[in-house]
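Please read the structure below before turning to the comments.
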Amino acid sequence: MRSGETFSFEAKNGETIILRPVDENDAQDIIKHVETIVKAGRYLQKEEPHSLEEEIKFILETRLKGNMYTAVERKGKVVGIARVLKGELEMKKHTGIFRTWIHPDSQGLGIGKQVMKYTLRWGRTNNLHKLWLTVFSGNEKAVLVYEKVGFITEGRQKNQVIIDGKFEDEIFMAYFF
């Protein structure tokens with residue numbers, strides 16, 4: 001699966017969901033949904049969305065560097081993303097950091113599982129040895145999804161963040177190809 005491939009599947013509710021490369025026209029949808037998730041204040045490691053120019057620049061840079069930036073399209077709108085940024089140093093080119101989010105209105109449809117399958121195929125095709133991520137301990141659903149597809153816990157930073165007034169750990173997880 002090279003950058004540029006599109007994949008569609010049927011969600012649990014019967015809708016067709018499309019996973020495809022992000023393009024500049026998606027920037028506005030991405031920014032709008034990131035704003036919603038940031039306001040909820042949980043699990044997205046971002047305190048404010050990119051400006052339109054910043055998001056378009058990020059999309060173009062990601063493509064230029066051969067990284068994965070995938071749109072989750074539902075009913076013609078981007079309702080989530082998944083991305084893998086490969087290590088830029090020569091000594092880290094075999095690794096990639098994974099980030100994803102799916103708008104709360106589109107969760108529970110089996111999208112996360114398909115995004116993970118898509119991402120792991122991309123990682124294999126692009127000769128990654130290790131895919132890594134961080135997730136907060138309170139995001140138990142995400143931890144389970146990652147474990148189900150084969151991620152292991154490599155480490156944990158205790159009380160790394162405060163979410164809803166409570167300390168949570170940041171868990172470092174990895175998938176080895």
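Residues in the structure tokens are numbered from 1 in each chain, the chains being A, B, ... in the order shown, and ligands are numbered from 1 in the order shown.
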For this session: Do a neighbour search on Lys92 in chain A at 12 Å with only C-alpha atoms, toss out local chain neighbours closer than 2 positions, and write the hits as a ChimeraX atom specification.
Result: /A:85-90,94-97,128-132
I'd like a table as CSV: residues in range 115-135 of chain A with an atom no more than 8 Å from range 143-163 of chain A, each row giving the shortest atom pair and its distance in Å to one decimal, only C-alpha atoms counted, sorted by chain and rising residue number.
residue,atom,partner,partner_atom,distance
A:Met116,CA,A:Val149,CA,7.4
A:Lys117,CA,A:Val149,CA,7.9
A:Val135,CA,A:Val143,CA,7.1
How about saving the chosen residues, all heavy atoms kept, as a CSV table (one decimal), in the first residue's frame?
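Saved to selection-v5.csv:
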chain,number,residue,atom,x,y,z
A,116,MET,N,-6.5,1.0,11.6
A,116,MET,CA,-5.3,0.3,12.1
A,116,MET,C,-4.8,-0.7,11.0
A,116,MET,O,-3.6,-0.8,10.7
A,116,MET,CB,-5.5,-0.4,13.4
A,116,MET,CG,-5.7,0.5,14.6
A,116,MET,SD,-4.4,1.8,14.8
A,116,MET,CE,-2.9,0.9,14.7
A,117,LYS,N,-5.7,-1.5,10.4
A,117,LYS,CA,-5.3,-2.4,9.4
A,117,LYS,C,-4.6,-1.7,8.2
A,117,LYS,O,-3.6,-2.1,7.7
A,117,LYS,CB,-6.5,-3.2,8.9
A,117,LYS,CG,-7.0,-4.2,9.8
A,117,LYS,CD,-8.2,-5.0,9.1
A,117,LYS,CE,-8.8,-6.1,10.0
A,117,LYS,NZ,-9.9,-6.7,9.3
A,135,VAL,N,-0.4,7.2,24.1
A,135,VAL,CA,-1.8,7.2,24.4
A,135,VAL,C,-2.0,7.5,25.9
A,135,VAL,O,-1.1,7.0,26.6
A,135,VAL,CB,-2.5,5.9,23.9
A,135,VAL,CG1,-2.0,4.7,24.6
A,135,VAL,CG2,-4.0,6.0,24.1
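Take CA of Ala142 in chain A and CA of His33 in chain A: the distance between them is 18.5 Å.
Coordinates place CA of Thr119 in chain A at a distance of 10.2 Å from CA of Leu19 in chain A.
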Exercise. Quick one: DSSP strand (DSSP E) residues in chain A, as JSON, numbers by chain?
Worked result: {"A": [7, 8, 9, 10, 16, 17, 18, 19, 20, 21, 68, 69, 70, 71, 72, 73, 74, 77, 78, 79, 80, 81, 82, 83, 84, 85, 86, 95, 96, 97, 98, 99, 100, 101, 102, 130, 131, 132, 133, 134, 135, 136, 152, 153, 154, 155, 156, 157, 158, 159, 160, 161, 162, 163, 166, 167, 168, 169, 170, 171, 172, 173, 174, 175, 176]}
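The smallest atom-to-atom distance between Val72 in chain A and any of A:Glu170, A:Glu54, A:Glu35, A:Asp26, using only C-alpha atoms, is found for A:Asp26.
From CA of Asp164 in chain A back to CA of Gly80 in chain A, the distance works out to 23.2 Å.
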Distance table requested - range 36-148 of chain A against range 2-17 of chain A, cut-off 12 Å, only C-alpha atoms: one row per qualifying residue with the closest atom pair and its distance in Å to one decimal, ordered by chain and rising residue number, as a tab-separated table.
residue	atom	partner	partner_atom	distance
A:Thr62	CA	A:Ser3	CA	10.3
A:Arg63	CA	A:Ser3	CA	8.0
A:Leu64	CA	A:Ser3	CA	10.5
A:Lys65	CA	A:Ser3	CA	10.5
A:Gly66	CA	A:Ser3	CA	7.0
A:Asn67	CA	A:Ser3	CA	7.3
A:Met68	CA	A:Ser3	CA	6.2
A:Tyr69	CA	A:Ser3	CA	8.3
A:Thr70	CA	A:Ser3	CA	8.9
A:Ala71	CA	A:Thr6	CA	9.6
A:Val72	CA	A:Ile17	CA	7.0
A:Glu73	CA	A:Ile17	CA	5.8
A:Arg74	CA	A:Ile17	CA	5.3
A:Lys75	CA	A:Ile17	CA	7.8
A:Gly76	CA	A:Ile17	CA	9.3
A:Lys77	CA	A:Ile17	CA	10.1
A:Val78	CA	A:Ile17	CA	10.0
A:Val79	CA	A:Ile17	CA	9.9
A:Gly80	CA	A:Ile17	CA	10.8
A:Arg83	CA	A:Ser3	CA	10.9
A:Val84	CA	A:Ser3	CA	10.8
A:Ser106	CA	A:Ala11	CA	9.8
A:Gln107	CA	A:Ala11	CA	10.3
A:Gly108	CA	A:Lys12	CA	8.1
A:Leu109	CA	A:Lys12	CA	4.9
A:Gly110	CA	A:Ala11	CA	6.0
A:Ile111	CA	A:Ala11	CA	6.7
A:Gly112	CA	A:Ala11	CA	10.3
A:Lys113	CA	A:Ala11	CA	10.4
A:Gln114	CA	A:Phe9	CA	8.0
A:Val115	CA	A:Phe7	CA	9.9
A:Lys117	CA	A:Phe7	CA	10.7
A:Tyr118	CA	A:Phe7	CA	8.0
A:Thr119	CA	A:Arg2	CA	10.6
A:Leu120	CA	A:Arg2	CA	11.7
A:Arg121	CA	A:Arg2	CA	9.0
A:Trp122	CA	A:Arg2	CA	6.4
A:Gly123	CA	A:Arg2	CA	9.2
A:Arg124	CA	A:Arg2	CA	9.8
A:Thr125	CA	A:Arg2	CA	6.6
A:Asn126	CA	A:Arg2	CA	7.1
A:Asn127	CA	A:Arg2	CA	10.7
Problem set entry | Close residues, Glu24 in chain A itself excluded, 8 Å, only C-alpha atoms, min 3 positions apart in chain, as a PyMOL selection string | chain A and resi 27+56+59-60
For this session: Run DSSP on the backbone and grab whatever in range 33-150 of chain A lands in alpha helix (DSSP H); send it over as a ChimeraX atom specification.
Result: /A:33-40,52-64,111-125,140-148
